[in-house]
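The file structure.cif comes next; it holds mmCIF, C-alpha atoms; chains and numbers go by the auth columns.
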data_run
loop_
_atom_site.group_PDB
_atom_site.id
_atom_site.type_symbol
_atom_site.label_atom_id
_atom_site.label_comp_id
_atom_site.label_asym_id
_atom_site.label_seq_id
_atom_site.Cartn_x
_atom_site.Cartn_y
_atom_site.Cartn_z
_atom_site.B_iso_or_equiv
_atom_site.auth_seq_id
_atom_site.auth_asym_id
ATOM 1 C CA ALA A 1 115.001 108.386 115.578 0.00 1 X
ATOM 2 C CA GLN A 2 113.999 108.774 111.957 0.00 2 X
ATOM 3 C CA LYS A 3 110.801 107.042 110.951 0.00 3 X
ATOM 4 C CA ILE A 4 108.376 106.801 108.043 0.00 4 X
ATOM 5 C CA THR A 5 104.720 106.001 108.674 0.00 5 X
ATOM 6 C CA GLN A 6 102.254 104.856 106.049 0.00 6 X
ATOM 7 C CA THR A 7 98.909 104.377 107.749 0.00 7 X
ATOM 8 C CA GLN A 8 96.989 102.828 104.844 0.00 8 X
ATOM 9 C CA PRO A 9 97.817 99.140 104.405 0.00 9 X
ATOM 10 C CA GLY A 10 95.460 98.936 101.433 0.00 10 X
ATOM 11 C CA MET A 11 93.545 101.333 99.217 0.00 11 X
ATOM 12 C CA PHE A 12 91.010 100.948 96.417 0.00 12 X
ATOM 13 C CA VAL A 13 90.407 103.499 93.684 0.00 13 X
ATOM 14 C CA GLN A 14 88.215 103.528 90.611 0.00 14 X
ATOM 15 C CA GLU A 15 89.972 103.717 87.279 0.00 15 X
ATOM 16 C CA LYS A 16 90.424 107.325 86.059 0.00 16 X
ATOM 17 C CA GLU A 17 89.949 108.796 89.521 0.00 17 X
ATOM 18 C CA ALA A 18 92.649 110.448 91.611 0.00 18 X
ATOM 19 C CA VAL A 19 94.031 108.846 94.769 0.00 19 X
ATOM 20 C CA THR A 20 96.180 110.090 97.640 0.00 20 X
ATOM 21 C CA LEU A 21 98.585 107.814 99.485 0.00 21 X
ATOM 22 C CA ASP A 22 99.591 109.092 102.895 0.00 22 X
ATOM 23 C CA CYS A 23 103.101 109.358 104.271 0.00 23 X
ATOM 24 C CA THR A 24 104.292 111.055 107.451 0.00 24 X
ATOM 25 C CA TYR A 25 107.871 111.227 108.555 0.00 25 X
ATOM 26 C CA ASP A 26 109.770 111.957 111.710 0.00 26 X
ATOM 27 C CA THR A 27 113.181 113.573 111.833 0.00 27 X
ATOM 28 C CA SER A 28 114.813 116.433 113.682 0.00 28 X
ATOM 29 C CA ASP A 29 117.361 116.922 110.912 0.00 29 X
ATOM 30 C CA PRO A 30 116.597 119.950 108.709 0.00 30 X
ATOM 31 C CA SER A 31 118.186 118.463 105.591 0.00 31 X
ATOM 32 C CA TYR A 32 116.469 115.414 104.140 0.00 32 X
ATOM 33 C CA GLY A 33 114.897 114.005 101.025 0.00 33 X
ATOM 34 C CA LEU A 34 111.705 112.058 100.482 0.00 34 X
ATOM 35 C CA PHE A 35 111.176 109.435 97.797 0.00 35 X
ATOM 36 C CA TRP A 36 108.263 107.391 96.558 0.00 36 X
ATOM 37 C CA TYR A 37 108.712 103.981 94.954 0.00 37 X
ATOM 38 C CA LYS A 38 106.255 101.670 93.204 0.00 38 X
ATOM 39 C CA GLN A 39 106.558 97.897 93.447 0.00 39 X
ATOM 40 C CA PRO A 40 104.376 95.878 91.057 0.00 40 X
ATOM 41 C CA SER A 41 103.643 92.227 91.785 0.00 41 X
ATOM 42 C CA SER A 42 106.677 91.276 89.703 0.00 42 X
ATOM 43 C CA GLY A 43 108.880 92.668 92.478 0.00 43 X
ATOM 44 C CA GLU A 44 111.035 95.412 91.020 0.00 44 X
ATOM 45 C CA MET A 45 111.162 98.753 92.821 0.00 45 X
ATOM 46 C CA ILE A 46 110.502 101.690 90.517 0.00 46 X
ATOM 47 C CA PHE A 47 111.479 105.219 91.539 0.00 47 X
ATOM 48 C CA LEU A 48 108.578 107.653 91.051 0.00 48 X
ATOM 49 C CA ILE A 49 109.253 111.052 92.574 0.00 49 X
ATOM 50 C CA TYR A 50 111.534 113.006 94.902 0.00 50 X
ATOM 51 C CA GLN A 51 111.082 115.989 97.240 0.00 51 X
ATOM 52 C CA GLY A 52 113.905 117.754 99.053 0.00 52 X
ATOM 53 C CA SER A 53 113.320 119.424 102.383 0.00 53 X
ATOM 54 C CA TYR A 54 114.457 122.777 101.010 0.00 54 X
ATOM 55 C CA ASP A 55 112.468 122.591 97.801 0.00 55 X
ATOM 56 C CA GLN A 56 109.990 125.455 97.562 0.00 56 X
ATOM 57 C CA GLN A 57 107.669 123.792 95.081 0.00 57 X
ATOM 58 C CA ASN A 58 105.837 120.509 95.367 0.00 58 X
ATOM 59 C CA ALA A 59 107.390 117.896 93.072 0.00 59 X
ATOM 60 C CA THR A 60 105.505 116.648 90.034 0.00 60 X
ATOM 61 C CA GLU A 61 106.318 113.874 87.558 0.00 61 X
ATOM 62 C CA GLY A 62 103.639 113.251 84.974 0.00 62 X
ATOM 63 C CA ARG A 63 100.573 111.839 86.761 0.00 63 X
ATOM 64 C CA TYR A 64 102.422 111.800 90.081 0.00 64 X
ATOM 65 C CA SER A 65 102.621 114.746 92.413 0.00 65 X
ATOM 66 C CA LEU A 66 103.813 115.097 95.957 0.00 66 X
ATOM 67 C CA ASN A 67 101.789 117.086 98.466 0.00 67 X
ATOM 68 C CA PHE A 68 104.611 118.224 100.744 0.00 68 X
ATOM 69 C CA GLN A 69 103.538 119.850 104.015 0.00 69 X
ATOM 70 C CA LYS A 70 106.732 120.455 105.930 0.00 70 X
ATOM 71 C CA ALA A 71 105.168 121.771 109.125 0.00 71 X
ATOM 72 C CA ARG A 72 102.975 118.688 109.365 0.00 72 X
ATOM 73 C CA LYS A 73 105.841 116.417 108.277 0.00 73 X
ATOM 74 C CA SER A 74 103.763 114.824 105.582 0.00 74 X
ATOM 75 C CA ALA A 75 104.640 113.911 101.995 0.00 75 X
ATOM 76 C CA ASN A 76 101.555 112.407 100.411 0.00 76 X
ATOM 77 C CA LEU A 77 101.658 110.954 96.918 0.00 77 X
ATOM 78 C CA VAL A 78 98.840 111.956 94.587 0.00 78 X
ATOM 79 C CA ILE A 79 98.183 109.859 91.502 0.00 79 X
ATOM 80 C CA SER A 80 95.848 111.508 89.034 0.00 80 X
ATOM 81 C CA ALA A 81 93.682 109.632 86.536 0.00 81 X
ATOM 82 C CA SER A 82 94.422 106.165 87.939 0.00 82 X
ATOM 83 C CA GLN A 83 95.132 103.358 85.512 0.00 83 X
ATOM 84 C CA LEU A 84 94.877 99.600 85.972 0.00 84 X
ATOM 85 C CA GLY A 85 98.666 99.439 85.740 0.00 85 X
ATOM 86 C CA ASP A 86 98.934 101.578 88.866 0.00 86 X
ATOM 87 C CA SER A 87 97.884 98.594 90.980 0.00 87 X
ATOM 88 C CA ALA A 88 100.983 97.913 93.090 0.00 88 X
ATOM 89 C CA MET A 89 102.645 98.442 96.453 0.00 89 X
ATOM 90 C CA TYR A 90 103.808 101.990 97.075 0.00 90 X
ATOM 91 C CA PHE A 91 106.601 102.852 99.474 0.00 91 X
ATOM 92 C CA CYS A 92 107.539 106.189 100.953 0.00 92 X
ATOM 93 C CA ALA A 93 111.193 106.562 101.965 0.00 93 X
ATOM 94 C CA MET A 94 113.441 109.179 103.522 0.00 94 X
ATOM 95 C CA THR A 95 117.137 109.918 103.443 0.00 95 X
ATOM 96 C CA ILE A 96 118.966 112.211 105.831 0.00 96 X
ATOM 97 C CA TYR A 97 121.728 114.228 104.224 0.00 97 X
ATOM 98 C CA GLY A 98 125.166 114.593 105.633 0.00 98 X
ATOM 99 C CA GLY A 99 127.100 111.372 105.997 0.00 99 X
ATOM 100 C CA SER A 100 124.247 108.945 105.433 0.00 100 X
ATOM 101 C CA GLN A 101 125.646 107.639 102.121 0.00 101 X
ATOM 102 C CA GLY A 102 122.171 107.842 100.695 0.00 102 X
ATOM 103 C CA ASN A 103 120.643 105.281 103.069 0.00 103 X
ATOM 104 C CA LEU A 104 116.875 105.100 102.829 0.00 104 X
ATOM 105 C CA ILE A 105 114.404 104.556 105.624 0.00 105 X
ATOM 106 C CA PHE A 106 111.263 102.937 104.250 0.00 106 X
ATOM 107 C CA GLY A 107 107.681 102.880 105.397 0.00 107 X
ATOM 108 C CA LYS A 108 105.751 99.616 105.422 0.00 108 X
ATOM 109 C CA GLY A 109 103.949 100.410 102.213 0.00 109 X
ATOM 110 C CA THR A 110 100.420 100.830 100.873 0.00 110 X
ATOM 111 C CA LYS A 111 98.847 98.344 98.507 0.00 111 X
ATOM 112 C CA LEU A 112 96.849 100.185 95.851 0.00 112 X
ATOM 113 C CA SER A 113 94.222 98.354 93.842 0.00 113 X
ATOM 114 C CA VAL A 114 92.667 100.087 90.832 0.00 114 X
ATOM 115 C CA LYS A 115 89.189 98.858 89.918 0.00 115 X
ATOM 116 C CA PRO A 116 87.931 98.919 86.312 0.00 116 X
ATOM 117 C CA ASP B 1 119.280 103.538 82.001 0.00 1 S
ATOM 118 C CA VAL B 2 120.739 102.153 85.185 0.00 2 S
ATOM 119 C CA LYS B 3 120.754 98.399 85.282 0.00 3 S
ATOM 120 C CA VAL B 4 121.006 96.476 88.528 0.00 4 S
ATOM 121 C CA THR B 5 121.069 92.736 87.983 0.00 5 S
ATOM 122 C CA GLN B 6 120.505 90.126 90.655 0.00 6 S
ATOM 123 C CA SER B 7 121.733 86.667 89.769 0.00 7 S
ATOM 124 C CA SER B 8 118.545 84.754 90.595 0.00 8 S
ATOM 125 C CA ARG B 9 114.840 85.605 90.744 0.00 9 S
ATOM 126 C CA TYR B 10 114.016 82.492 92.757 0.00 10 S
ATOM 127 C CA LEU B 11 116.293 80.387 94.929 0.00 11 S
ATOM 128 C CA VAL B 12 115.635 77.398 97.174 0.00 12 S
ATOM 129 C CA LYS B 13 118.272 76.308 99.670 0.00 13 S
ATOM 130 C CA ARG B 14 118.485 74.056 102.715 0.00 14 S
ATOM 131 C CA THR B 15 119.034 74.955 106.339 0.00 15 S
ATOM 132 C CA GLY B 16 122.711 75.248 107.180 0.00 16 S
ATOM 133 C CA GLU B 17 123.879 75.889 103.624 0.00 17 S
ATOM 134 C CA LYS B 18 126.102 78.828 102.774 0.00 18 S
ATOM 135 C CA VAL B 19 124.161 80.976 100.318 0.00 19 S
ATOM 136 C CA PHE B 20 125.509 83.639 97.967 0.00 20 S
ATOM 137 C CA LEU B 21 123.306 86.316 96.424 0.00 21 S
ATOM 138 C CA GLU B 22 125.015 88.309 93.711 0.00 22 S
ATOM 139 C CA CYS B 23 124.291 91.830 92.508 0.00 23 S
ATOM 140 C CA VAL B 24 125.901 93.688 89.618 0.00 24 S
ATOM 141 C CA GLN B 25 125.336 97.285 88.510 0.00 25 S
ATOM 142 C CA ASP B 26 126.494 98.841 85.272 0.00 26 S
ATOM 143 C CA MET B 27 126.512 102.550 86.114 0.00 27 S
ATOM 144 C CA ASP B 28 129.756 102.873 88.060 0.00 28 S
ATOM 145 C CA HIS B 29 127.832 103.703 91.249 0.00 29 S
ATOM 146 C CA GLU B 30 129.838 104.040 94.428 0.00 30 S
ATOM 147 C CA ASN B 31 127.075 103.048 96.850 0.00 31 S
ATOM 148 C CA MET B 32 125.405 99.661 96.965 0.00 32 S
ATOM 149 C CA PHE B 33 122.826 98.251 99.350 0.00 33 S
ATOM 150 C CA TRP B 34 121.203 94.977 100.373 0.00 34 S
ATOM 151 C CA TYR B 35 117.667 94.910 101.790 0.00 35 S
ATOM 152 C CA ARG B 36 115.271 92.226 102.817 0.00 36 S
ATOM 153 C CA GLN B 37 111.555 92.691 102.375 0.00 37 S
ATOM 154 C CA ASP B 38 108.928 90.899 104.443 0.00 38 S
ATOM 155 C CA PRO B 39 105.146 91.397 104.354 0.00 39 S
ATOM 156 C CA GLY B 40 104.032 94.125 106.738 0.00 40 S
ATOM 157 C CA LEU B 41 107.596 95.158 107.536 0.00 41 S
ATOM 158 C CA GLY B 42 108.639 97.054 104.425 0.00 42 S
ATOM 159 C CA LEU B 43 112.287 97.084 103.405 0.00 43 S
ATOM 160 C CA ARG B 44 114.983 96.710 106.006 0.00 44 S
ATOM 161 C CA LEU B 45 118.634 97.468 105.344 0.00 45 S
ATOM 162 C CA ILE B 46 121.031 94.574 105.916 0.00 46 S
ATOM 163 C CA TYR B 47 124.372 96.016 104.754 0.00 47 S
ATOM 164 C CA PHE B 48 125.627 98.753 102.512 0.00 48 S
ATOM 165 C CA SER B 49 128.904 99.616 100.860 0.00 49 S
ATOM 166 C CA TYR B 50 130.171 103.006 99.810 0.00 50 S
ATOM 167 C CA ASP B 51 133.359 101.852 98.118 0.00 51 S
ATOM 168 C CA VAL B 52 135.271 98.766 97.109 0.00 52 S
ATOM 169 C CA LYS B 53 136.150 96.643 100.142 0.00 53 S
ATOM 170 C CA MET B 54 134.169 99.012 102.394 0.00 54 S
ATOM 171 C CA LYS B 55 131.036 97.898 104.177 0.00 55 S
ATOM 172 C CA GLU B 56 128.744 99.115 106.895 0.00 56 S
ATOM 173 C CA LYS B 57 126.097 97.279 108.904 0.00 57 S
ATOM 174 C CA GLY B 58 122.524 98.244 108.390 0.00 58 S
ATOM 175 C CA ASP B 59 119.606 97.614 110.703 0.00 59 S
ATOM 176 C CA ILE B 60 119.550 93.790 110.574 0.00 60 S
ATOM 177 C CA PRO B 61 123.049 92.437 109.800 0.00 61 S
ATOM 178 C CA GLU B 62 122.893 89.367 112.048 0.00 62 S
ATOM 179 C CA GLY B 63 123.386 86.145 110.117 0.00 63 S
ATOM 180 C CA TYR B 64 124.645 87.923 107.017 0.00 64 S
ATOM 181 C CA SER B 65 127.938 89.111 105.595 0.00 65 S
ATOM 182 C CA VAL B 66 128.843 90.952 102.403 0.00 66 S
ATOM 183 C CA SER B 67 131.689 91.231 99.953 0.00 67 S
ATOM 184 C CA ARG B 68 132.620 93.985 97.538 0.00 68 S
ATOM 185 C CA GLU B 69 135.823 93.150 95.707 0.00 69 S
ATOM 186 C CA LYS B 70 134.912 95.117 92.584 0.00 70 S
ATOM 187 C CA LYS B 71 132.995 98.339 92.266 0.00 71 S
ATOM 188 C CA GLU B 72 130.212 96.868 90.177 0.00 72 S
ATOM 189 C CA ARG B 73 129.547 93.777 92.285 0.00 73 S
ATOM 190 C CA PHE B 74 128.098 93.461 95.776 0.00 74 S
ATOM 191 C CA SER B 75 127.485 90.018 97.224 0.00 75 S
ATOM 192 C CA LEU B 76 125.291 89.056 100.160 0.00 76 S
ATOM 193 C CA ILE B 77 126.287 85.907 102.030 0.00 77 S
ATOM 194 C CA LEU B 78 124.142 83.865 104.374 0.00 78 S
ATOM 195 C CA GLU B 79 126.794 82.066 106.379 0.00 79 S
ATOM 196 C CA SER B 80 124.518 79.273 107.591 0.00 80 S
ATOM 197 C CA ALA B 81 121.035 79.657 106.188 0.00 81 S
ATOM 198 C CA SER B 82 118.074 79.383 108.534 0.00 82 S
ATOM 199 C CA THR B 83 114.349 79.230 107.858 0.00 83 S
ATOM 200 C CA ASN B 84 113.831 82.731 109.272 0.00 84 S
ATOM 201 C CA GLN B 85 115.943 84.054 106.418 0.00 85 S
ATOM 202 C CA THR B 86 113.276 83.069 103.917 0.00 86 S
ATOM 203 C CA SER B 87 112.463 86.403 102.345 0.00 87 S
ATOM 204 C CA MET B 88 112.655 88.677 99.323 0.00 88 S
ATOM 205 C CA TYR B 89 116.120 90.203 98.942 0.00 89 S
ATOM 206 C CA LEU B 90 116.620 93.425 97.034 0.00 90 S
ATOM 207 C CA CYS B 91 119.878 94.972 95.901 0.00 91 S
ATOM 208 C CA ALA B 92 120.210 98.668 95.061 0.00 92 S
ATOM 209 C CA SER B 93 122.867 101.068 93.877 0.00 93 S
ATOM 210 C CA ARG B 94 123.259 104.815 93.918 0.00 94 S
ATOM 211 C CA VAL B 95 125.750 107.364 92.777 0.00 95 S
ATOM 212 C CA ALA B 96 127.686 108.847 95.687 0.00 96 S
ATOM 213 C CA GLY B 97 125.618 111.774 96.856 0.00 97 S
ATOM 214 C CA THR B 98 126.477 115.308 97.578 0.00 98 S
ATOM 215 C CA THR B 99 125.146 116.465 100.898 0.00 99 S
ATOM 216 C CA ARG B 100 121.909 117.369 99.164 0.00 100 S
ATOM 217 C CA GLY B 101 120.744 115.662 96.029 0.00 101 S
ATOM 218 C CA ASN B 102 117.908 113.826 94.478 0.00 102 S
ATOM 219 C CA GLN B 103 119.767 110.762 93.363 0.00 103 S
ATOM 220 C CA PRO B 104 117.484 107.791 93.947 0.00 104 S
ATOM 221 C CA GLN B 105 118.536 104.276 94.683 0.00 105 S
ATOM 222 C CA HIS B 106 118.078 101.979 91.692 0.00 106 S
ATOM 223 C CA PHE B 107 116.901 98.479 92.480 0.00 107 S
ATOM 224 C CA GLY B 108 117.289 95.054 90.989 0.00 108 S
ATOM 225 C CA ASP B 109 114.316 92.776 90.391 0.00 109 S
ATOM 226 C CA GLY B 110 114.802 90.971 93.699 0.00 110 S
ATOM 227 C CA THR B 111 115.548 87.391 94.704 0.00 111 S
ATOM 228 C CA ARG B 112 112.854 85.343 96.417 0.00 112 S
ATOM 229 C CA LEU B 113 114.833 83.050 98.682 0.00 113 S
ATOM 230 C CA SER B 114 113.281 80.043 100.382 0.00 114 S
ATOM 231 C CA ILE B 115 115.183 78.150 103.069 0.00 115 S
ATOM 232 C CA LEU B 116 113.799 74.677 103.691 0.00 116 S
#
Reformat the file's structure so that it appears as structure tokens.
Amino acid sequence: AQKITQTQPGMFVQEKEAVTLDCTYDTSDPSYGLFWYKQPSSGEMIFLIYQGSYDQQNATEGRYSLNFQKARKSANLVISASQLGDSAMYFCAMTIYGGSQGNLIFGKGTKLSVKP
Amino acid sequence: DVKVTQSSRYLVKRTGEKVFLECVQDMDHENMFWYRQDPGLGLRLIYFSYDVKMKEKGDIPEGYSVSREKKERFSLILESASTNQTSMYLCASRVAGTTRGNQPQHFGDGTRLSIL
């Protein structure tokens, strides 16, 4: 069965430092996509970054990058130069291609707190 | 920008009531989803719809039903509300995917539902 595991319930990082949020996934399907979402305390889910299983390069979007290690089935999110506004819940999610209608399987999330 | 609008941010209802949660998207997306979010459990899929009048059960459909009479609107119905349905409910939409694609789900701001 497909599964997403986020082992860090909570993380602290000093402002302006980099932080890595861990995500491992489990699937036997070769075609899948991995997403990261941010959820501030206000509740909305904000899409951050995407990595496809066939993508050769690690995805980057501004201060966000995805450390994709396919053999280890990990897709860690790296946030560079943390800002106070980065304090939020972060969710890793996976979709399996081929008939899934884009359904996402979510991890339980990591709460990131950025300290001034 | 994609806009997904949920009718209420906060809602308080009584046990046994029939509760309607409404979701509207303005981007002509084919796929729409309802999730509930509980602390420590992440997001769990209740129902999804890939076309008007089409629906599929997600992981936790018990106690819920859905309606999609128009493409832009997807309603979640609690037939007889119970206290264990107190939760955050999130609606999402997505363009119909190809077998491989990076189209994310776009979320509404969520409805915090309390059943007393």
Given the point (124.4, 89.9, 92.6) in the file's coordinates, find the residues that have an atom at most 9 Å from it, counting all atoms listed in the file, and give them as an mmCIF file with C-alpha atoms, in the frame of the given file.
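File produced: out-v8.cif:
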data_model
loop_
_atom_site.group_PDB
_atom_site.id
_atom_site.type_symbol
_atom_site.label_atom_id
_atom_site.label_comp_id
_atom_site.auth_asym_id
_atom_site.auth_seq_id
_atom_site.Cartn_x
_atom_site.Cartn_y
_atom_site.Cartn_z
ATOM 1 C CA VAL S 4 121.006 96.476 88.528
ATOM 2 C CA THR S 5 121.069 92.736 87.983
ATOM 3 C CA GLN S 6 120.505 90.126 90.655
ATOM 4 C CA SER S 7 121.733 86.667 89.769
ATOM 5 C CA SER S 8 118.545 84.754 90.595
ATOM 6 C CA PHE S 20 125.509 83.639 97.967
ATOM 7 C CA LEU S 21 123.306 86.316 96.424
ATOM 8 C CA GLU S 22 125.015 88.309 93.711
ATOM 9 C CA CYS S 23 124.291 91.830 92.508
ATOM 10 C CA VAL S 24 125.901 93.688 89.618
ATOM 11 C CA GLN S 25 125.336 97.285 88.510
ATOM 12 C CA ARG S 73 129.547 93.777 92.285
ATOM 13 C CA PHE S 74 128.098 93.461 95.776
ATOM 14 C CA SER S 75 127.485 90.018 97.224
ATOM 15 C CA LEU S 76 125.291 89.056 100.160
ATOM 16 C CA CYS S 91 119.878 94.972 95.901
ATOM 17 C CA GLY S 108 117.289 95.054 90.989
#
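Residues in contact range of Lys53 of chain S, defined as at most 12 Å between all atoms listed in the file, with sequence neighbours fewer than 6 positions away removed, read Glu30, Asn31, Met32, Val66, Ser67, Arg68, Glu69, Lys70, Lys71, Glu72, Arg73, Phe74 and Ser75 of chain S.
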Applied to the shown file, which residues does the PyMOL selection byres ((chain S) within 9 of (chain X)) return, written as a VMD selection string?
-> chain S and resid 31 33 39 to 45 48 to 50 88 90 94 to 111
Counting only C-alpha atoms, the residue of X:Asp22, X:Asp86, X:Asp29, X:Glu17 that sits nearest Thr5 of chain X | X:Asp22
Within 8 Å of Ser82 of chain X using all atoms listed in the file, minus same-chain residues under 6 positions, as a JSON list (two decimals) with C-alpha atoms, in the coordinates of the input:
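Writing done, so here's around.json:
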[["chain", "number", "residue", "atom", "x", "y", "z"],
["X", 13, "VAL", "CA", 90.41, 103.50, 93.68],
["X", 14, "GLN", "CA", 88.22, 103.53, 90.61],
["X", 15, "GLU", "CA", 89.97, 103.72, 87.28],
["X", 16, "LYS", "CA", 90.42, 107.32, 86.06],
["X", 17, "GLU", "CA", 89.95, 108.80, 89.52],
["X", 18, "ALA", "CA", 92.65, 110.45, 91.61],
["X", 19, "VAL", "CA", 94.03, 108.85, 94.77],
["X", 114, "VAL", "CA", 92.67, 100.09, 90.83]]
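The residues returned by the PyMOL selection byres ((chain S and resi 65) around 8) on the shown structure are Tyr47, Pro61, Gly63, Tyr64, Val66, Ser67, Leu76, Ile77, Leu78 and Glu79 of chain S.
Residues matched by the PyMOL selection byres ((chain X and resi 75) around 8) in this file are Asp22, Cys23, Thr24, Tyr25, Leu34, Leu66, Asn67, Phe68, Gln69, Lys70, Lys73, Ser74, Asn76 and Leu77 of chain X.
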Which centre and edge lengths in Å to one decimal define the box along x, y and z that fits every listed atom of segment 8-17 of chain S plus 4 Å per side, as JSON?
{"center_x": 118.9, "center_y": 79.8, "center_z": 98.9, "size_x": 17.9, "size_y": 19.5, "size_z": 24.6}
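Rounded to one decimal, atom CA of Ser113 of chain X and atom CA of Gly62 of chain X lie 19.7 Å from each other.
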Would you list the contacts of Asp26 of chain X as JSON, numbers by chain, taking every protein, DNA or RNA residue within 8 Å and counting all atoms listed in the file, but skipping same-chain residues closer than 2 positions in sequence?
-> {"X": [1, 2, 3, 4, 24, 28, 73]}
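Between atom CA of Leu112 of chain X and atom CA of Tyr64 of chain X the separation is 14.1 Å.
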Which value, in Å to one decimal, gives the distance between atom CA of Ile46 of chain S and atom CA of Met11 of chain X?
-> 29.1 Å
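Using all atoms listed in the file for every distance, the candidate list X:Thr7, X:Thr20, X:Phe12, X:Pro30 yields X:Thr20 as the residue closest to Ser80 of chain X.
Across X:Asn58, X:Thr27, X:Arg72, X:Gly10, the tightest approach to Ser87 of chain X is made by X:Gly10 when counting only C-alpha atoms.
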